[in-house]
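Here is the file work.cif (mmCIF, C-alpha atoms).
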```
data_protein
loop_
_atom_site.group_PDB
_atom_site.id
_atom_site.type_symbol
_atom_site.label_atom_id
_atom_site.label_comp_id
_atom_site.auth_asym_id
_atom_site.auth_seq_id
_atom_site.Cartn_x
_atom_site.Cartn_y
_atom_site.Cartn_z
ATOM 1 C CA MET A 1 80.585 93.038 80.748
ATOM 2 C CA SER A 2 84.346 93.443 81.076
ATOM 3 C CA TRP A 3 85.362 89.866 81.838
ATOM 4 C CA TYR A 4 86.604 87.707 78.955
ATOM 5 C CA PRO A 5 87.463 84.319 80.494
ATOM 6 C CA ASP A 6 87.133 82.555 77.125
ATOM 7 C CA ASP A 7 89.941 84.702 75.747
ATOM 8 C CA LYS A 8 93.099 82.749 76.648
ATOM 9 C CA GLU A 9 95.397 85.761 76.380
ATOM 10 C CA TRP A 10 93.125 87.878 78.588
ATOM 11 C CA LEU A 11 92.800 85.110 81.161
ATOM 12 C CA THR A 12 96.563 84.518 81.250
ATOM 13 C CA LYS A 13 97.183 88.186 82.049
ATOM 14 C CA ARG A 14 94.431 88.116 84.638
ATOM 15 C CA LYS A 15 95.950 85.085 86.348
ATOM 16 C CA ALA A 16 99.322 86.825 86.482
ATOM 17 C CA GLN A 17 97.708 89.857 88.081
ATOM 18 C CA TRP A 18 95.938 87.639 90.600
ATOM 19 C CA LYS A 19 99.292 86.842 92.243
ATOM 20 C CA GLU A 20 99.632 90.508 93.137
ATOM 21 C CA VAL A 21 95.998 90.859 94.219
ATOM 22 C CA LYS A 22 96.271 87.787 96.436
ATOM 23 C CA GLU A 23 99.284 89.307 98.188
ATOM 24 C CA SER A 24 97.279 92.449 98.923
ATOM 25 C CA LEU A 25 94.376 90.376 100.255
ATOM 26 C CA LYS A 26 96.719 88.485 102.560
ATOM 27 C CA GLU A 27 98.147 91.731 103.926
ATOM 28 C CA MET A 28 94.638 92.963 104.673
ATOM 29 C CA SER A 29 93.924 90.055 107.062
ATOM 30 C CA LEU A 30 90.215 90.683 106.494
ATOM 31 C CA TYR A 31 89.294 87.592 104.516
ATOM 32 C CA SER A 32 89.308 83.887 105.275
ATOM 33 C CA PRO A 33 90.802 81.340 102.837
ATOM 34 C CA GLN A 34 87.255 80.565 101.689
ATOM 35 C CA ASP A 35 86.591 84.260 101.066
ATOM 36 C CA ILE A 36 89.763 84.489 98.986
ATOM 37 C CA LYS A 37 88.629 81.530 96.883
ATOM 38 C CA LEU A 38 85.365 83.343 96.153
ATOM 39 C CA ILE A 39 87.218 86.534 95.325
ATOM 40 C CA LYS A 40 89.539 84.646 92.979
ATOM 41 C CA GLU A 41 86.603 83.172 91.057
ATOM 42 C CA TYR A 42 85.038 86.612 90.780
ATOM 43 C CA PHE A 43 88.341 88.187 89.743
ATOM 44 C CA LEU A 44 89.104 85.623 87.008
ATOM 45 C CA TYR A 45 85.703 84.644 85.683
ATOM 46 C CA GLY A 46 83.358 87.448 86.642
ATOM 47 C CA PRO A 47 79.923 87.689 88.267
ATOM 48 C CA ASP A 48 78.333 85.244 85.810
ATOM 49 C CA LYS A 49 80.296 82.419 87.441
ATOM 50 C CA GLU A 50 80.680 83.906 90.932
ATOM 51 C CA PRO A 51 78.181 86.721 91.592
ATOM 52 C CA MET A 52 79.544 87.303 95.127
ATOM 53 C CA ARG A 53 76.012 87.695 96.438
ATOM 54 C CA THR A 54 72.845 85.810 97.229
ATOM 55 C CA VAL A 55 69.343 87.109 96.597
ATOM 56 C CA ASN A 56 66.512 86.262 98.978
ATOM 57 C CA ASN A 57 63.005 85.359 97.832
ATOM 58 C CA ASP A 58 61.885 88.900 98.631
ATOM 59 C CA GLY A 59 64.661 90.336 96.480
ATOM 60 C CA GLY A 60 66.948 91.280 99.347
ATOM 61 C CA ILE A 61 70.661 91.202 98.548
ATOM 62 C CA LYS A 62 73.208 89.560 100.830
ATOM 63 C CA ARG A 63 76.881 90.045 100.026
ATOM 64 C CA LYS A 64 79.119 87.034 100.547
ATOM 65 C CA ILE A 65 82.072 89.041 101.867
ATOM 66 C CA SER A 66 82.641 92.339 103.659
ATOM 67 C CA TYR A 67 83.449 95.645 101.961
ATOM 68 C CA MET A 68 82.041 94.511 98.640
ATOM 69 C CA GLY A 69 81.896 98.072 97.350
ATOM 70 C CA MET A 70 85.650 98.367 97.734
ATOM 71 C CA VAL A 71 86.262 94.954 96.176
ATOM 72 C CA SER A 72 83.944 95.468 93.212
ATOM 73 C CA ILE A 73 85.733 98.718 92.269
ATOM 74 C CA TRP A 74 89.214 97.406 92.932
ATOM 75 C CA LEU A 75 88.828 94.081 91.128
ATOM 76 C CA TYR A 76 86.727 95.231 88.212
ATOM 77 C CA PRO A 77 88.740 94.553 85.020
ATOM 78 C CA SER A 78 88.589 98.111 83.715
ATOM 79 C CA PHE A 79 88.648 101.694 84.942
ATOM 80 C CA ASP A 80 85.305 102.556 83.307
ATOM 81 C CA LYS A 81 83.343 104.314 86.060
ATOM 82 C CA GLU A 82 79.915 103.824 84.531
ATOM 83 C CA ASP A 83 80.438 100.072 84.237
ATOM 84 C CA ILE A 84 81.767 99.892 87.775
ATOM 85 C CA ILE A 85 78.804 101.824 89.153
ATOM 86 C CA GLU A 86 76.495 99.409 87.360
ATOM 87 C CA GLU A 87 78.338 96.543 89.048
ATOM 88 C CA LEU A 88 77.997 98.271 92.416
ATOM 89 C CA HIS A 89 74.233 98.279 91.946
ATOM 90 C CA ASN A 90 74.397 94.488 92.198
ATOM 91 C CA PHE A 91 75.499 94.780 95.815
ATOM 92 C CA ARG A 92 73.366 97.665 97.016
ATOM 93 C CA SER A 93 69.993 98.697 95.682
ATOM 94 C CA THR A 94 70.859 102.412 95.812
ATOM 95 C CA VAL A 95 74.456 103.517 95.419
ATOM 96 C CA GLN A 96 74.236 106.958 93.816
ATOM 97 C CA ASN A 97 73.096 110.393 94.802
ATOM 98 C CA GLN A 98 71.221 112.478 92.249
ATOM 99 C CA ASP A 99 74.476 114.151 91.243
ATOM 100 C CA GLY A 100 75.956 110.756 90.358
ATOM 101 C CA SER A 101 78.292 110.450 93.341
ATOM 102 C CA ILE A 102 78.444 107.210 95.295
ATOM 103 C CA ILE A 103 76.626 107.120 98.635
ATOM 104 C CA GLN A 104 77.122 104.847 101.624
ATOM 105 C CA TYR A 105 80.490 105.688 103.089
ATOM 106 C CA ASP A 106 80.791 102.246 104.700
ATOM 107 C CA THR A 107 81.339 100.458 101.384
ATOM 108 C CA GLY A 108 85.043 100.306 101.993
ATOM 109 C CA ALA A 109 86.234 103.914 102.069
ATOM 110 C CA ASN A 110 87.552 103.601 105.598
ATOM 111 C CA ARG A 111 89.447 100.472 104.665
ATOM 112 C CA VAL A 112 90.874 102.024 101.517
ATOM 113 C CA LEU A 113 92.325 104.862 103.581
ATOM 114 C CA GLU A 114 93.634 102.552 106.274
ATOM 115 C CA PHE A 115 95.509 100.387 103.812
ATOM 116 C CA CYS A 116 96.880 103.350 101.895
ATOM 117 C CA GLU A 117 98.191 104.680 105.193
ATOM 118 C CA ASP A 118 99.875 101.322 105.759
ATOM 119 C CA ASP A 119 101.268 101.735 102.235
ATOM 120 C CA PHE A 120 103.149 104.838 103.384
ATOM 121 C CA GLU A 121 106.409 103.883 101.701
ATOM 122 C CA THR A 122 105.491 101.407 98.968
ATOM 123 C CA HIS A 123 103.486 98.240 98.762
ATOM 124 C CA LYS A 124 105.691 95.180 98.339
ATOM 125 C CA SER A 125 103.692 92.982 96.017
ATOM 126 C CA ALA A 126 104.162 89.362 95.081
ATOM 127 C CA THR A 127 106.041 90.507 91.999
ATOM 128 C CA GLY A 128 108.641 92.323 94.049
ATOM 129 C CA ASP A 129 108.149 95.381 91.834
ATOM 130 C CA SER A 130 108.540 98.473 93.983
ATOM 131 C CA ASP A 131 106.440 100.530 91.575
ATOM 132 C CA THR A 132 103.273 98.513 92.185
ATOM 133 C CA SER A 133 100.550 99.645 94.548
ATOM 134 C CA PHE A 134 98.405 98.053 97.198
ATOM 135 C CA PHE A 135 95.303 98.282 95.020
ATOM 136 C CA GLN A 136 97.101 97.735 91.696
ATOM 137 C CA GLY A 137 96.740 101.349 90.631
ATOM 138 C CA LYS A 138 93.056 101.707 91.551
ATOM 139 C CA GLU A 139 93.702 103.950 94.570
ATOM 140 C CA GLN A 140 92.578 107.175 92.900
ATOM 141 C CA LEU A 141 89.443 105.587 91.487
ATOM 142 C CA LEU A 142 88.541 103.947 94.804
ATOM 143 C CA ALA A 143 88.885 107.244 96.594
ATOM 144 C CA GLU A 144 86.905 109.114 93.951
ATOM 145 C CA LEU A 145 83.981 106.688 94.047
ATOM 146 C CA LEU A 146 83.910 105.813 97.747
ATOM 147 C CA LEU A 147 84.954 108.929 99.626
ATOM 148 C CA PRO A 148 82.391 111.706 99.995
ATOM 149 C CA ASP A 149 83.211 115.195 98.788
ATOM 150 C CA SER A 150 82.497 116.461 102.278
ATOM 151 C CA VAL A 151 83.136 114.434 105.401
ATOM 152 C CA GLU A 152 81.608 116.913 107.806
ATOM 153 C CA GLU A 153 78.550 114.791 108.519
ATOM 154 C CA GLU A 154 80.670 111.666 108.746
ATOM 155 C CA SER A 155 83.301 113.105 111.056
ATOM 156 C CA ARG A 156 83.510 112.300 114.740
ATOM 157 C CA PHE A 157 84.138 115.977 115.451
ATOM 158 C CA GLY A 158 80.493 116.845 114.923
ATOM 159 C CA TYR A 159 79.527 114.365 117.614
ATOM 160 C CA HIS A 160 81.816 115.951 120.182
ATOM 161 C CA TYR A 161 80.511 119.351 119.156
ATOM 162 C CA ASP A 162 76.894 118.333 119.693
ATOM 163 C CA ILE A 163 77.550 117.179 123.245
ATOM 164 C CA LYS A 164 79.625 120.317 124.021
ATOM 165 C CA ASP A 165 82.610 118.201 125.034
ATOM 166 C CA PHE A 166 85.040 120.991 124.235
ATOM 167 C CA ASP A 167 88.046 119.489 126.013
ATOM 168 C CA GLY A 168 87.544 116.164 124.291
ATOM 169 C CA LEU A 169 86.832 117.941 121.036
ATOM 170 C CA SER A 170 90.068 119.931 121.013
ATOM 171 C CA GLU A 171 92.119 116.895 121.987
ATOM 172 C CA GLU A 172 90.535 114.761 119.282
ATOM 173 C CA CYS A 173 90.871 117.490 116.666
ATOM 174 C CA GLU A 174 94.542 118.084 117.396
ATOM 175 C CA ARG A 175 95.236 114.340 117.317
ATOM 176 C CA SER A 176 93.642 113.958 113.885
ATOM 177 C CA PHE A 177 95.207 117.133 112.507
ATOM 178 C CA ARG A 178 98.615 116.136 113.872
ATOM 179 C CA PHE A 179 98.366 112.690 112.282
ATOM 180 C CA VAL A 180 97.764 114.139 108.829
ATOM 181 C CA ILE A 181 100.340 116.930 108.994
ATOM 182 C CA ASN A 182 103.079 114.770 110.492
ATOM 183 C CA ARG A 183 102.637 112.086 107.852
ATOM 184 C CA LEU A 184 102.496 114.545 104.973
ATOM 185 C CA SER A 185 105.499 116.594 106.070
ATOM 186 C CA LEU A 186 107.489 113.371 106.387
ATOM 187 C CA TYR A 187 106.282 112.189 102.983
ATOM 188 C CA PHE A 188 107.212 115.470 101.305
ATOM 189 C CA SER A 189 110.681 115.560 102.833
ATOM 190 C CA ARG A 190 111.644 111.882 102.629
ATOM 191 C CA TYR A 191 110.269 110.787 99.256
ATOM 192 C CA MET A 192 110.940 113.801 97.079
ATOM 193 C CA GLU A 193 113.155 111.846 94.685
ATOM 194 C CA ASN A 194 111.060 108.681 94.474
ATOM 195 C CA PRO A 195 107.478 109.173 95.690
ATOM 196 C CA ASN A 196 104.830 106.508 95.375
ATOM 197 C CA PRO A 197 102.398 107.990 92.783
ATOM 198 C CA ASN A 198 99.582 105.780 94.070
ATOM 199 C CA TYR A 199 99.805 107.178 97.586
ATOM 200 C CA ILE A 200 96.418 108.823 98.106
ATOM 201 C CA TYR A 201 96.954 110.506 101.416
ATOM 202 C CA ARG A 202 95.498 113.733 100.094
ATOM 203 C CA TYR A 203 92.039 112.186 100.525
ATOM 204 C CA ARG A 204 92.589 112.484 104.293
ATOM 205 C CA LEU A 205 92.838 116.238 103.885
ATOM 206 C CA SER A 206 89.101 116.780 104.287
ATOM 207 C CA TYR A 207 89.351 115.282 107.796
ATOM 208 C CA CYS A 208 92.311 117.528 108.460
ATOM 209 C CA ILE A 209 90.245 120.596 107.567
ATOM 210 C CA SER A 210 87.263 119.317 109.559
ATOM 211 C CA ALA A 211 89.526 118.961 112.603
ATOM 212 C CA LEU A 212 90.672 122.577 112.206
ATOM 213 C CA LYS A 213 87.111 123.771 111.820
ATOM 214 C CA HIS A 214 86.148 122.358 115.218
ATOM 215 C CA PHE A 215 89.399 123.025 117.088
ATOM 216 C CA LYS A 216 88.684 125.077 120.232
ATOM 217 C CA GLY A 217 92.139 125.331 121.793
ATOM 218 C CA SER A 218 94.320 128.445 121.827
ATOM 219 C CA GLU A 219 97.514 126.564 120.977
ATOM 220 C CA PHE A 220 98.669 123.148 119.767
ATOM 221 C CA ARG A 221 100.231 120.972 122.446
ATOM 222 C CA SER A 222 102.524 118.892 120.274
ATOM 223 C CA GLN A 223 105.967 120.375 119.607
ATOM 224 C CA LEU A 224 106.457 117.962 116.699
ATOM 225 C CA LEU A 225 103.239 119.219 115.115
ATOM 226 C CA LYS A 226 104.458 122.822 115.416
ATOM 227 C CA GLU A 227 107.721 121.954 113.701
ATOM 228 C CA ASN A 228 106.014 119.953 110.977
ATOM 229 C CA LEU A 229 103.519 122.724 110.296
ATOM 230 C CA VAL A 230 106.415 124.935 109.208
ATOM 231 C CA THR A 231 107.768 122.132 107.018
ATOM 232 C CA PHE A 232 104.302 121.518 105.578
ATOM 233 C CA PHE A 233 103.484 125.142 104.718
ATOM 234 C CA ALA A 234 106.970 125.635 103.274
ATOM 235 C CA ALA A 235 106.347 122.659 100.990
ATOM 236 C CA LEU A 236 102.986 124.110 99.909
ATOM 237 C CA ASP A 237 104.710 127.361 98.937
ATOM 238 C CA LYS A 238 107.399 125.571 96.918
ATOM 239 C CA PHE A 239 104.906 123.382 95.066
ATOM 240 C CA THR A 240 102.660 126.353 94.306
ATOM 241 C CA VAL A 241 105.428 128.598 92.984
ATOM 242 C CA SER A 242 107.181 125.955 90.862
ATOM 243 C CA PRO A 243 104.805 123.051 90.223
ATOM 244 C CA ASP A 244 106.836 121.746 87.271
ATOM 245 C CA LYS A 245 109.838 121.070 89.517
ATOM 246 C CA TYR A 246 108.066 118.647 91.843
ATOM 247 C CA PRO A 247 106.278 115.279 91.568
ATOM 248 C CA GLN A 248 102.712 115.601 90.356
ATOM 249 C CA CYS A 249 101.319 113.705 93.351
ATOM 250 C CA PHE A 250 102.919 116.268 95.684
ATOM 251 C CA VAL A 251 101.569 119.200 93.707
ATOM 252 C CA GLU A 252 98.042 117.735 93.562
ATOM 253 C CA THR A 253 98.077 117.168 97.328
ATOM 254 C CA ALA A 254 99.155 120.768 97.914
ATOM 255 C CA GLN A 255 96.481 122.066 95.551
ATOM 256 C CA GLU A 256 93.782 119.997 97.228
ATOM 257 C CA PHE A 257 94.768 121.171 100.715
ATOM 258 C CA THR A 258 94.830 124.791 99.542
ATOM 259 C CA ARG A 259 91.406 124.462 97.922
ATOM 260 C CA LEU A 260 89.842 122.881 101.006
ATOM 261 C CA PHE A 261 91.537 125.356 103.309
ATOM 262 C CA ASN A 262 90.281 128.361 101.322
ATOM 263 C CA GLU A 263 86.733 127.024 101.002
ATOM 264 C CA ALA A 264 86.317 125.882 104.614
ATOM 265 C CA ASP A 265 85.376 129.243 106.178
ATOM 266 C CA LEU A 266 87.579 128.449 109.165
ATOM 267 C CA PRO A 267 87.162 130.449 112.389
ATOM 268 C CA ASP A 268 89.345 133.531 112.847
ATOM 269 C CA SER A 269 90.905 131.824 115.861
ATOM 270 C CA VAL A 270 92.231 129.050 113.614
ATOM 271 C CA HIS A 271 93.734 131.502 111.131
ATOM 272 C CA ALA A 272 95.394 133.322 114.036
ATOM 273 C CA LEU A 273 96.676 130.017 115.395
ATOM 274 C CA LEU A 274 98.230 129.009 112.065
ATOM 275 C CA ALA A 275 99.594 132.442 111.133
ATOM 276 C CA PRO A 276 102.978 132.114 112.934
ATOM 277 C CA TYR A 277 103.713 128.793 111.240
ATOM 278 C CA ILE A 278 102.764 130.110 107.812
ATOM 279 C CA LYS A 279 104.956 133.177 108.421
ATOM 280 C CA ALA A 280 107.887 131.027 109.550
ATOM 281 C CA ALA A 281 107.500 128.856 106.463
ATOM 282 C CA LYS A 282 107.576 131.855 104.126
ATOM 283 C CA GLU A 283 110.604 133.345 105.860
ATOM 284 C CA GLY A 284 112.418 130.043 105.635
ATOM 285 C CA THR A 285 111.800 129.694 101.890
ATOM 286 C CA ALA A 286 112.383 133.357 101.025
#
```
Hey, can you dump this file as structure tokens for me?
Amino acid sequence: MSWYPDDKEWLTKRKAQWKEVKESLKEMSLYSPQDIKLIKEYFLYGPDKEPMRTVNNDGGIKRKISYMGMVSIWLYPSFDKEDIIEELHNFRSTVQNQDGSIIQYDTGANRVLEFCEDDFETHKSATGDSDTSFFQGKEQLLAELLLPDSVEEESRFGYHYDIKDFDGLSEECERSFRFVINRLSLYFSRYMENPNPNYIYRYRLSYCISALKHFKGSEFRSQLLKENLVTFFAALDKFTVSPDKYPQCFVETAQEFTRLFNEADLPDSVHALLAPYIKAAKEGTA
């Protein structure tokens, strides 16, 4: 148990942190005032006072609020993964695969990504401290525990593929790929001097690769995407050659994209499609 409400010093610090958490909850617009009261009790005093769930006579578990998996990771008082996973078991009877990874993608992973996308520049918390984050520094842990290693089965692209909707598939794939690349190229170029270290956009990269894997078109339609692809691949080259010169969060994002890209077994048509942009990037940084 990681809550210590009888420790006055611990509780004082926890109450101070609550001001920041409450601001994040307000920005989410997901929870009613009554929900926030429940969350506050859980946050300050723990599951012994507010278990955030009800248990039916047959042992069935009913969570009192939505996205409890996200909340129980985010608001747990420590970063200890084993303790957090044990807490997650209180809200879902089975939460782990045999390899120890968390199952059930709907436990808040989508919401974590959505709010980190909204946090593109920096979360403005109740403290006014520009170095704080939307999830109070738990972004990496949330992503690690909630997002699957592979999103292929979760992705909408597989659905389009199954129904042979090739036109719809290519359009959807380019839209998703464009969204990721445009945001990342902007992030790399605009926030080089002062990036938000809690920005976890690299966890969208698996969708980016999935989109490429299913792309059936012979060319991208968006001119902005074409331009940003050159910017993006040029940034990857710079971060790879001189990782010590750039922010760690940039380098890790580049490394993760490169790993996924190399392991994806992408079609030859995709490699041919990307080749001119990769070439232009190398010539521009030479």
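For the atom pair formed by CA of Ser32 (chain A) and CA of Leu142 (chain A), the distance is 22.6 Å, given to one decimal.
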For the provided coordinates, the residues matched by the PyMOL selection byres ((chain A and resi 90) around 12) should be stated as a ChimeraX atom specification. /A:47-48,51-55,59-63,68-69,72,83-89,91-95
Generate a file of the selected residues that holds C-alpha atoms, formatted as an mmCIF file, in the coordinates of the input.
```cif
data_model
loop_
_atom_site.group_PDB
_atom_site.id
_atom_site.type_symbol
_atom_site.label_atom_id
_atom_site.label_comp_id
_atom_site.auth_asym_id
_atom_site.auth_seq_id
_atom_site.Cartn_x
_atom_site.Cartn_y
_atom_site.Cartn_z
ATOM 1 C CA PRO A 47 79.923 87.689 88.267
ATOM 2 C CA ASP A 48 78.333 85.244 85.810
ATOM 3 C CA PRO A 51 78.181 86.721 91.592
ATOM 4 C CA MET A 52 79.544 87.303 95.127
ATOM 5 C CA ARG A 53 76.012 87.695 96.438
ATOM 6 C CA THR A 54 72.845 85.810 97.229
ATOM 7 C CA VAL A 55 69.343 87.109 96.597
ATOM 8 C CA GLY A 59 64.661 90.336 96.480
ATOM 9 C CA GLY A 60 66.948 91.280 99.347
ATOM 10 C CA ILE A 61 70.661 91.202 98.548
ATOM 11 C CA LYS A 62 73.208 89.560 100.830
ATOM 12 C CA ARG A 63 76.881 90.045 100.026
ATOM 13 C CA MET A 68 82.041 94.511 98.640
ATOM 14 C CA GLY A 69 81.896 98.072 97.350
ATOM 15 C CA SER A 72 83.944 95.468 93.212
ATOM 16 C CA ASP A 83 80.438 100.072 84.237
ATOM 17 C CA ILE A 84 81.767 99.892 87.775
ATOM 18 C CA ILE A 85 78.804 101.824 89.153
ATOM 19 C CA GLU A 86 76.495 99.409 87.360
ATOM 20 C CA GLU A 87 78.338 96.543 89.048
ATOM 21 C CA LEU A 88 77.997 98.271 92.416
ATOM 22 C CA HIS A 89 74.233 98.279 91.946
ATOM 23 C CA PHE A 91 75.499 94.780 95.815
ATOM 24 C CA ARG A 92 73.366 97.665 97.016
ATOM 25 C CA SER A 93 69.993 98.697 95.682
ATOM 26 C CA THR A 94 70.859 102.412 95.812
ATOM 27 C CA VAL A 95 74.456 103.517 95.419
#
```
Close residues, Glu171 (chain A) itself excluded, 10 Å, only C-alpha atoms, min 4 positions apart in chain, as a compact mmCIF listing (two decimals) with C-alpha atoms, keeping the file's coordinate frame:
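Contents of the output file around.txt:
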```txt
# COMPACT_ATOMS: atom_id res chain seq x y z
CA PHE A 166 85.04 120.99 124.24
CA ASP A 167 88.05 119.49 126.01
CA ARG A 175 95.24 114.34 117.32
CA SER A 176 93.64 113.96 113.88
CA PHE A 177 95.21 117.13 112.51
CA ALA A 211 89.53 118.96 112.60
CA PHE A 215 89.40 123.02 117.09
CA LYS A 216 88.68 125.08 120.23
CA GLY A 217 92.14 125.33 121.79
CA PHE A 220 98.67 123.15 119.77
CA ARG A 221 100.23 120.97 122.45
```
For Trp10 (chain A), which of A:Gln223, A:Pro77, A:Asp237, A:Glu144 is the closest residue, counting all atoms listed in the file? A:Pro77
Region 244-258 of chain A: axis-aligned bounding box, 6 Å on each side, centre and edge lengths in Å, one decimal, as lines of an AutoDock Vina configuration file:
```
center_x = 101.8
center_y = 119.2
center_z = 94.0
size_x = 28.1
size_y = 23.1
size_z = 25.4
```
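Pairwise distance (CA of Asn196 (chain A), CA of Ser2 (chain A)) equals 28.2 Å.
Considering the residues A:Lys40, A:Arg183, A:Lys245, A:Lys19 and counting only C-alpha atoms, Leu225 (chain A) has its shortest atom-to-atom contact with A:Arg183.
Excluding Lys279 (chain A) itself and same-chain residues fewer than 6 positions from it, the residues having an atom within 10 Å of it are Val230, Phe233 and Ala234 of chain A, counting all atoms listed in the file.
Every residue within 9 Å of the file position (98.1, 106.2, 94.8), judged by all atoms listed in the file, is given as Cys116, Ser133, Phe134, Phe135, Gly137, Lys138, Glu139, Gln140, Asn196, Pro197, Asn198, Tyr199, Ile200, Tyr201 and Cys249 of chain A.
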Could you take the residues named above and write them with C-alpha atoms, as an mmCIF file, in the coordinates of the input?
```
data_model
loop_
_atom_site.group_PDB
_atom_site.id
_atom_site.type_symbol
_atom_site.label_atom_id
_atom_site.label_comp_id
_atom_site.auth_asym_id
_atom_site.auth_seq_id
_atom_site.Cartn_x
_atom_site.Cartn_y
_atom_site.Cartn_z
ATOM 1 C CA CYS A 116 96.880 103.350 101.895
ATOM 2 C CA SER A 133 100.550 99.645 94.548
ATOM 3 C CA PHE A 134 98.405 98.053 97.198
ATOM 4 C CA PHE A 135 95.303 98.282 95.020
ATOM 5 C CA GLY A 137 96.740 101.349 90.631
ATOM 6 C CA LYS A 138 93.056 101.707 91.551
ATOM 7 C CA GLU A 139 93.702 103.950 94.570
ATOM 8 C CA GLN A 140 92.578 107.175 92.900
ATOM 9 C CA ASN A 196 104.830 106.508 95.375
ATOM 10 C CA PRO A 197 102.398 107.990 92.783
ATOM 11 C CA ASN A 198 99.582 105.780 94.070
ATOM 12 C CA TYR A 199 99.805 107.178 97.586
ATOM 13 C CA ILE A 200 96.418 108.823 98.106
ATOM 14 C CA TYR A 201 96.954 110.506 101.416
ATOM 15 C CA CYS A 249 101.319 113.705 93.351
#
```
Take the PyMOL selection byres ((chain A and resi 248) around 12), run it mentally on this structure, and tell me the resulting residues as a PyMOL selection string. chain A and resi 188+192-199+239-240+242-247+249-255
